[in-house]
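Raw upload-v1.pdb, PDB, C-alpha atoms:
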```pdb
ATOM      1  CA  MET A   1      -3.092   8.070 -21.408
ATOM      2  CA  THR A   2       0.403   9.285 -20.604
ATOM      3  CA  GLY A   3       2.292  12.294 -19.344
ATOM      4  CA  PRO A   4       3.485  14.163 -16.275
ATOM      5  CA  ARG A   5      -0.064  15.003 -15.206
ATOM      6  CA  VAL A   6      -1.161  11.380 -14.909
ATOM      7  CA  ALA A   7      -0.740  10.079 -11.353
ATOM      8  CA  LEU A   8      -0.945   6.495 -10.113
ATOM      9  CA  VAL A   9      -1.764   6.293  -6.381
ATOM     10  CA  THR A  10      -1.638   3.011  -4.476
ATOM     11  CA  GLY A  11      -3.421   2.484  -1.180
ATOM     12  CA  ALA A  12      -6.164   4.731  -2.501
ATOM     13  CA  SER A  13      -8.871   3.326  -0.241
ATOM     14  CA  GLY A  14      -6.890   4.145   2.896
ATOM     15  CA  LEU A  15      -6.951   7.348   4.912
ATOM     16  CA  LEU A  16      -3.751   8.865   3.519
ATOM     17  CA  GLY A  17      -4.180   7.391   0.063
ATOM     18  CA  ALA A  18      -7.605   8.985  -0.337
ATOM     19  CA  ALA A  19      -6.314  12.367   0.861
ATOM     20  CA  ILE A  20      -3.443  12.142  -1.616
ATOM     21  CA  CYS A  21      -5.823  11.371  -4.478
ATOM     22  CA  HIS A  22      -7.817  14.472  -3.505
ATOM     23  CA  ALA A  23      -4.706  16.660  -3.385
ATOM     24  CA  LEU A  24      -3.388  15.502  -6.760
ATOM     25  CA  ALA A  25      -6.781  15.925  -8.402
ATOM     26  CA  ASP A  26      -6.986  19.432  -6.934
ATOM     27  CA  ALA A  27      -3.574  20.100  -8.511
ATOM     28  CA  GLY A  28      -5.034  19.278 -11.915
ATOM     29  CA  MET A  29      -3.706  15.745 -12.294
ATOM     30  CA  THR A  30      -5.576  12.788 -13.723
ATOM     31  CA  VAL A  31      -5.546  10.244 -10.907
ATOM     32  CA  LEU A  32      -5.657   6.466 -11.243
ATOM     33  CA  PRO A  33      -6.399   4.974  -7.795
ATOM     34  CA  VAL A  34      -5.118   1.466  -7.033
ATOM     35  CA  CYS A  35      -6.142  -0.635  -4.054
ATOM     36  CA  HIS A  36      -6.371  -4.235  -2.943
ATOM     37  CA  GLN A  37      -9.265  -3.855  -0.541
ATOM     38  CA  GLY A  38     -11.940  -1.198  -0.137
ATOM     39  CA  VAL A  39     -12.683  -0.965  -3.858
ATOM     40  CA  GLU A  40     -16.141   0.469  -3.227
ATOM     41  CA  ARG A  41     -14.627   3.304  -1.154
ATOM     42  CA  ALA A  42     -12.102   3.958  -3.906
ATOM     43  CA  ALA A  43     -14.858   4.023  -6.524
ATOM     44  CA  GLU A  44     -16.828   6.557  -4.481
ATOM     45  CA  LEU A  45     -13.677   8.643  -4.164
ATOM     46  CA  SER A  46     -13.061   8.497  -7.921
ATOM     47  CA  ALA A  47     -16.576   9.672  -8.659
ATOM     48  CA  LYS A  48     -16.231  12.511  -6.161
ATOM     49  CA  ILE A  49     -12.919  13.901  -7.461
ATOM     50  CA  GLY A  50     -13.230  12.987 -11.134
ATOM     51  CA  ALA A  51     -10.536  10.324 -11.059
ATOM     52  CA  LEU A  52     -10.304   7.267 -13.291
ATOM     53  CA  GLU A  53     -12.044   4.053 -12.286
ATOM     54  CA  PRO A  54      -9.941   2.328  -9.610
ATOM     55  CA  VAL A  55      -7.773  -0.685 -10.339
ATOM     56  CA  GLN A  56      -8.024  -3.559  -7.884
ATOM     57  CA  ALA A  57      -4.707  -5.374  -7.580
ATOM     58  CA  ASP A  58      -2.592  -7.333  -5.137
ATOM     59  CA  LEU A  59       0.537  -5.204  -4.977
ATOM     60  CA  THR A  60       2.611  -8.008  -3.514
ATOM     61  CA  ASP A  61       2.630  -9.200  -7.153
ATOM     62  CA  PRO A  62       3.810  -5.966  -8.823
ATOM     63  CA  ALA A  63       4.135  -7.510 -12.288
ATOM     64  CA  ALA A  64       0.507  -8.648 -12.261
ATOM     65  CA  ALA A  65      -0.562  -5.267 -10.902
ATOM     66  CA  MET A  66       1.289  -3.523 -13.732
ATOM     67  CA  GLY A  67      -0.514  -5.770 -16.202
ATOM     68  CA  ARG A  68      -3.861  -4.543 -14.900
ATOM     69  CA  ILE A  69      -2.673  -0.924 -15.040
ATOM     70  CA  ARG A  70      -1.422  -1.314 -18.622
ATOM     71  CA  GLU A  71      -4.830  -2.679 -19.595
ATOM     72  CA  ARG A  72      -6.128   0.825 -18.883
ATOM     73  CA  GLY A  73      -3.670   2.308 -21.368
ATOM     74  CA  VAL A  74      -2.129   4.431 -18.619
ATOM     75  CA  VAL A  75       1.574   5.333 -18.482
ATOM     76  CA  PRO A  76       1.940   7.465 -15.317
ATOM     77  CA  GLY A  77       4.259  10.409 -15.008
ATOM     78  CA  VAL A  78       3.691  10.372 -11.244
ATOM     79  CA  LEU A  79       3.698   7.411  -8.874
ATOM     80  CA  VAL A  80       2.685   7.694  -5.227
ATOM     81  CA  CYS A  81       2.983   4.529  -3.152
ATOM     82  CA  ALA A  82       0.758   4.964  -0.115
ATOM     83  CA  HIS A  83      -0.026   1.316   0.578
ATOM     84  CA  GLY A  84       1.305  -0.718   3.476
ATOM     85  CA  ARG A  85       0.389  -1.856   6.952
ATOM     86  CA  THR A  86       1.555  -1.486  10.527
ATOM     87  CA  LEU A  87       2.636  -4.098  13.033
ATOM     88  CA  ARG A  88       2.685  -3.673  16.800
ATOM     89  CA  ARG A  89       4.824  -6.371  18.346
ATOM     90  CA  SER A  90       7.828  -6.488  20.652
ATOM     91  CA  VAL A  91      11.035  -7.881  19.173
ATOM     92  CA  LEU A  92      10.987 -10.244  22.158
ATOM     93  CA  THR A  93       7.799 -11.838  20.856
ATOM     94  CA  PRO A  94       8.440 -14.463  18.158
ATOM     95  CA  GLY A  95       6.666 -13.905  14.865
ATOM     96  CA  ASP A  96       6.990 -14.015  11.105
ATOM     97  CA  ASP A  97       7.354 -10.571   9.541
ATOM     98  CA  ASP A  98       8.008 -11.653   5.930
ATOM     99  CA  GLY A  99       4.544 -10.505   4.892
ATOM    100  CA  LEU A 100       5.211  -7.059   6.316
ATOM    101  CA  TRP A 101       8.421  -6.701   4.318
ATOM    102  CA  ASP A 102       6.759  -8.020   1.164
ATOM    103  CA  LEU A 103       4.008  -5.399   1.363
ATOM    104  CA  ASN A 104       5.802  -2.391   2.869
ATOM    105  CA  VAL A 105       9.093  -2.706   1.002
ATOM    106  CA  HIS A 106       9.326  -5.240  -1.806
ATOM    107  CA  SER A 107       5.995  -4.390  -3.420
ATOM    108  CA  VAL A 108       6.822  -0.683  -3.245
ATOM    109  CA  THR A 109      10.328  -0.806  -4.669
ATOM    110  CA  ARG A 110       9.466  -3.293  -7.392
ATOM    111  CA  LEU A 111       6.395  -1.347  -8.482
ATOM    112  CA  ALA A 112       8.445   1.863  -8.494
ATOM    113  CA  GLY A 113      11.014   0.176 -10.720
ATOM    114  CA  LEU A 114       8.365  -1.012 -13.163
ATOM    115  CA  VAL A 115       6.484   2.297 -13.318
ATOM    116  CA  GLY A 116       9.783   4.185 -13.404
ATOM    117  CA  LYS A 117      10.772   2.499 -16.656
ATOM    118  CA  GLY A 118       7.858   4.235 -18.359
ATOM    119  CA  MET A 119       9.049   7.547 -16.920
ATOM    120  CA  LEU A 120      12.476   7.044 -18.488
ATOM    121  CA  ARG A 121      10.912   7.113 -21.928
ATOM    122  CA  GLN A 122       9.105  10.315 -20.993
ATOM    123  CA  ARG A 123      12.427  11.781 -19.779
ATOM    124  CA  GLY A 124      10.841  12.870 -16.530
ATOM    125  CA  GLY A 125       8.628  11.853 -13.666
ATOM    126  CA  ARG A 126       7.986  11.872  -9.943
ATOM    127  CA  ILE A 127       8.118   8.913  -7.572
ATOM    128  CA  VAL A 128       6.910   9.612  -4.033
ATOM    129  CA  LEU A 129       6.837   6.922  -1.360
ATOM    130  CA  VAL A 130       4.911   7.266   1.886
ATOM    131  CA  GLY A 131       7.252   6.336   4.717
ATOM    132  CA  SER A 132       7.053   7.179   8.389
ATOM    133  CA  ARG A 133       8.827   9.205  11.020
ATOM    134  CA  ALA A 134       9.395   5.834  12.671
ATOM    135  CA  GLY A 135      11.829   5.033   9.876
ATOM    136  CA  SER A 136      14.088   7.874  10.997
ATOM    137  CA  VAL A 137      13.876   7.670  14.797
ATOM    138  CA  GLY A 138      12.351   4.255  15.535
ATOM    139  CA  MET A 139       9.106   3.376  17.242
ATOM    140  CA  PRO A 140       8.883   1.458  20.535
ATOM    141  CA  GLY A 141       6.924  -1.735  20.093
ATOM    142  CA  GLN A 142       7.007  -1.442  16.290
ATOM    143  CA  ALA A 143      10.601  -2.286  15.403
ATOM    144  CA  GLU A 144       9.789  -4.309  12.278
ATOM    145  CA  TYR A 145       7.431  -1.630  10.972
ATOM    146  CA  ALA A 146      10.020   1.103  11.607
ATOM    147  CA  ALA A 147      12.652  -0.949   9.806
ATOM    148  CA  THR A 148      10.478  -1.317   6.700
ATOM    149  CA  LYS A 149       9.962   2.438   6.528
ATOM    150  CA  ALA A 150      13.675   3.094   7.026
ATOM    151  CA  ALA A 151      14.296   0.787   4.078
ATOM    152  CA  LEU A 152      12.141   3.005   1.841
ATOM    153  CA  SER A 153      14.244   6.060   2.686
ATOM    154  CA  ALA A 154      17.471   4.187   1.953
ATOM    155  CA  TRP A 155      16.049   2.899  -1.318
ATOM    156  CA  ALA A 156      14.909   6.348  -2.428
ATOM    157  CA  ALA A 157      18.272   7.928  -1.618
ATOM    158  CA  SER A 158      19.974   5.268  -3.732
ATOM    159  CA  ALA A 159      17.428   4.991  -6.563
ATOM    160  CA  ALA A 160      17.585   8.761  -7.075
ATOM    161  CA  TRP A 161      20.985   8.183  -8.713
ATOM    162  CA  ASP A 162      19.619   5.610 -11.158
ATOM    163  CA  PHE A 163      16.687   7.789 -12.173
ATOM    164  CA  GLY A 164      18.262  11.224 -11.918
ATOM    165  CA  ARG A 165      19.870  11.485 -15.338
ATOM    166  CA  PHE A 166      16.461  10.848 -16.873
ATOM    167  CA  GLY A 167      14.825  13.706 -14.988
ATOM    168  CA  VAL A 168      12.922  11.411 -12.614
ATOM    169  CA  THR A 169      12.918  12.332  -8.918
ATOM    170  CA  VAL A 170      12.483   9.873  -6.051
ATOM    171  CA  ASN A 171      11.489  11.041  -2.575
ATOM    172  CA  VAL A 172       9.805   9.895   0.620
ATOM    173  CA  VAL A 173       7.196  11.736   2.675
ATOM    174  CA  ALA A 174       7.440  10.534   6.278
ATOM    175  CA  PRO A 175       4.417  11.449   8.412
ATOM    176  CA  GLY A 176       4.450  11.511  12.173
ATOM    177  CA  ALA A 177       1.245  10.870  14.095
ATOM    178  CA  VAL A 178      -1.833  11.356  11.898
ATOM    179  CA  GLN A 179      -5.430  11.881  12.978
ATOM    180  CA  PRO A 180      -7.078   8.452  12.915
ATOM    181  CA  GLY A 181      -9.932   7.673  10.597
ATOM    182  CA  PRO A 182     -13.374   6.508  11.745
ATOM    183  CA  GLY A 183     -13.198   3.191  13.541
ATOM    184  CA  SER A 184      -9.413   3.123  13.786
ATOM    185  CA  SER A 185      -8.165   1.136  16.760
ATOM    186  CA  LEU A 186      -4.395   1.188  16.215
ATOM    187  CA  TYR A 187      -3.793   3.634  19.065
ATOM    188  CA  THR A 188      -5.946   4.389  22.072
ATOM    189  CA  GLU A 189      -7.132   7.907  22.893
ATOM    190  CA  GLU A 190      -4.709   7.920  25.811
ATOM    191  CA  GLU A 191      -1.799   7.050  23.512
ATOM    192  CA  ASN A 192      -2.777   9.785  21.068
ATOM    193  CA  ARG A 193      -2.933  12.332  23.897
ATOM    194  CA  ALA A 194       0.510  11.275  25.130
ATOM    195  CA  VAL A 195       1.952  11.637  21.633
ATOM    196  CA  THR A 196       0.345  15.052  21.193
ATOM    197  CA  GLU A 197       2.244  16.338  24.227
ATOM    198  CA  ARG A 198       5.484  15.482  22.430
ATOM    199  CA  ILE A 199       4.620  17.398  19.265
ATOM    200  CA  ALA A 200       5.632  21.058  19.012
ATOM    201  CA  LEU A 201       2.332  21.965  17.328
ATOM    202  CA  ARG A 202       0.407  20.106  20.063
ATOM    203  CA  ARG A 203      -1.837  18.240  17.651
ATOM    204  CA  LEU A 204      -1.850  15.284  15.282
ATOM    205  CA  ALA A 205      -1.487  15.896  11.552
ATOM    206  CA  ALA A 206      -4.548  16.059   9.363
ATOM    207  CA  PRO A 207      -4.306  13.589   6.463
ATOM    208  CA  GLU A 208      -4.665  16.546   4.089
ATOM    209  CA  GLU A 209      -1.477  18.104   5.473
ATOM    210  CA  VAL A 210       0.498  14.989   4.623
ATOM    211  CA  ALA A 211      -1.170  14.873   1.208
ATOM    212  CA  ASP A 212      -0.150  18.477   0.492
ATOM    213  CA  ALA A 213       3.506  17.550   1.043
ATOM    214  CA  VAL A 214       3.107  14.626  -1.347
ATOM    215  CA  ALA A 215       1.445  16.868  -3.936
ATOM    216  CA  PHE A 216       4.369  19.296  -3.790
ATOM    217  CA  LEU A 217       6.953  16.567  -4.363
ATOM    218  CA  ALA A 218       4.766  15.137  -7.135
ATOM    219  CA  GLY A 219       4.403  18.505  -8.834
ATOM    220  CA  PRO A 220       6.423  20.615 -11.279
ATOM    221  CA  ARG A 221       8.062  22.877  -8.678
ATOM    222  CA  SER A 222      10.039  20.142  -6.947
ATOM    223  CA  GLY A 223      12.286  19.260  -9.853
ATOM    224  CA  TYR A 224      15.579  19.743  -7.972
ATOM    225  CA  ILE A 225      14.574  17.748  -4.896
ATOM    226  CA  THR A 226      15.424  14.052  -5.043
ATOM    227  CA  GLY A 227      16.692  11.293  -2.805
ATOM    228  CA  GLN A 228      15.177  13.018   0.230
ATOM    229  CA  THR A 229      12.934  12.051   3.120
ATOM    230  CA  LEU A 230      10.622  14.875   4.140
ATOM    231  CA  LEU A 231       9.382  14.614   7.725
ATOM    232  CA  VAL A 232       5.838  15.877   8.204
ATOM    233  CA  ASP A 233       5.676  15.491  11.964
ATOM    234  CA  GLY A 234       4.990  18.876  13.581
ATOM    235  CA  ALA A 235       8.490  18.815  15.148
ATOM    236  CA  ALA A 236       7.681  15.710  17.178
ATOM    237  CA  ARG A 237      10.257  14.536  19.683
ATOM    238  CA  TRP A 238      10.183  11.007  21.070
TER     239      TRP A 238
END
```
How would this structure read if it were set down as structure tokens?
Amino acid sequence: MTGPRVALVTGASGLLGAAICHALADAGMTVLPVCHQGVERAAELSAKIGALEPVQADLTDPAAAMGRIRERGVVPGVLVCAHGRTLRRSVLTPGDDDGLWDLNVHSVTRLAGLVGKGMLRQRGGRIVLVGSRAGSVGMPGQAEYAATKAALSAWAASAAWDFGRFGVTVNVVAPGAVQPGPGSSLYTEEENRAVTERIALRRLAAPEEVADAVAFLAGPRSGYITGQTLLVDGAARW
């Protein structure tokens, strides 16, 4: 299965990843969800939206992950990387952040390079990375996380030149504060209220609103947009 309407979505069992799968399926794309954990959730999602059976893969080994994807006979024309994790820790607190960089940056850029090679042969494609507003303005207490997301924007702005002559676009969607999923404990209710007061729209983003931005950049009407980071943050200021 190949073509511009075939979309590979990583992090599909997460809050944003699942919303993105929904949005792309609604846009008429054939979606192949990929996740490392939460395979049962991803399978339920696939059944609900008519997506392909999910691929379980450790994306910190992109070559092995690509092997599992190729086993499905899928050559995507769209790649959305929505996997990653956060880290709340002061820079004054010693700690090893290599694992964060491996997952949030190296796995993303290497997978994009591998999937992108298939797009070159198709003479077209869309690569969309999920970054963060923190990558543009920083995030107190999350310096390492913010740095990994800034790296994605820098990579996309540069990689756009390598892919551009083949008709492949590379962009980043950078959400601000997003409504937490059930059981999320990353931020307290008090922290979410404080953030809301610093957002022009006075509310957190719905995951579907972020997914709609991804779907636009993954679709046929965004062909002259590349190397960009699109903030989806409700005009937040902090």
Residue neighbourhood segment 59-75 of chain A, 9 Å, all atoms listed in the file, exclusion window fewer than 2 positions, as a VMD selection string
chain A and resid 1 to 3 6 to 8 10 32 34 to 36 55 to 57 77 83 99 102 to 103 106 to 108 110 to 111 114 to 115 118 to 119
Name all residues at most 12 Å from Gly141 of chain A (count only C-alpha atoms; drop same-chain ones fewer than 4 positions away) and give them as a VMD selection string.
chain A and resid 86 to 93 134 145 to 147
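Minimum distance to Arg123 of chain A across A:Met139, A:Ala205, A:Ala177, A:Val168 (counting all atoms listed in the file) occurs at A:Val168.
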Selection under test: the PyMOL selection byres ((chain A and resi 150) around 8); residues as a PDB file with C-alpha atoms, keeping the file's coordinate frame:
```
ATOM      1  CA  GLY A 131       7.252   6.336   4.717  1.00  0.00           C
ATOM      2  CA  SER A 132       7.053   7.179   8.389  1.00  0.00           C
ATOM      3  CA  ALA A 134       9.395   5.834  12.671  1.00  0.00           C
ATOM      4  CA  GLY A 135      11.829   5.033   9.876  1.00  0.00           C
ATOM      5  CA  SER A 136      14.088   7.874  10.997  1.00  0.00           C
ATOM      6  CA  ALA A 146      10.020   1.103  11.607  1.00  0.00           C
ATOM      7  CA  ALA A 147      12.652  -0.949   9.806  1.00  0.00           C
ATOM      8  CA  THR A 148      10.478  -1.317   6.700  1.00  0.00           C
ATOM      9  CA  LYS A 149       9.962   2.438   6.528  1.00  0.00           C
ATOM     10  CA  ALA A 151      14.296   0.787   4.078  1.00  0.00           C
ATOM     11  CA  LEU A 152      12.141   3.005   1.841  1.00  0.00           C
ATOM     12  CA  SER A 153      14.244   6.060   2.686  1.00  0.00           C
ATOM     13  CA  ALA A 154      17.471   4.187   1.953  1.00  0.00           C
TER      14      ALA A 154
END
```
Taking all atoms listed in the file into account, name the residue in A:Arg202, A:Leu100, A:Pro207, A:Gly113 that is nearest to Trp155 of chain A.
A:Gly113
Given the file shown, enumerate the residues that the PyMOL selection byres ((chain A and resi 129) around 12) captures and present them as a count of residues only.
56
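What separates atom CA of Val178 of chain A from atom CA of Leu204 of chain A is a distance of 5.2 Å.
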What is the distance, in Å and to one decimal place, between atom CA of Glu191 of chain A and atom CA of Gln37 of chain A?
27.4 Å
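Counting all atoms listed in the file, the residue from A:Glu197, A:Glu208, A:Glu40, A:Glu189 that sits nearest to Ala236 of chain A is A:Glu197.
In this comparison, which uses only C-alpha atoms, the residue of A:Gly125, A:Pro33, A:Pro94, A:Gly176 approaching Gly219 of chain A most closely is A:Gly125.
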As an MDAnalysis selection string, please: the residues near Val31 of chain A (cut-off 9 Å, only C-alpha atoms, same-chain neighbours under 4 positions excluded).
chainID A and resid 5:9 21:22 24:25 46 49:52
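The interatomic distance for the pair atom CA of Asp162 of chain A and atom CA of Lys117 of chain A works out to 10.9 Å.
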Counting only C-alpha atoms, the residue of A:Ala27, A:Ala235, A:Leu120, A:Ala43 that sits nearest Arg165 of chain A
A:Leu120
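Among A:Glu144, A:Gly28, A:Arg41, A:Asp212, the residue with the shortest atom-to-atom distance to Gly95 of chain A, counting all atoms listed in the file, is A:Glu144.
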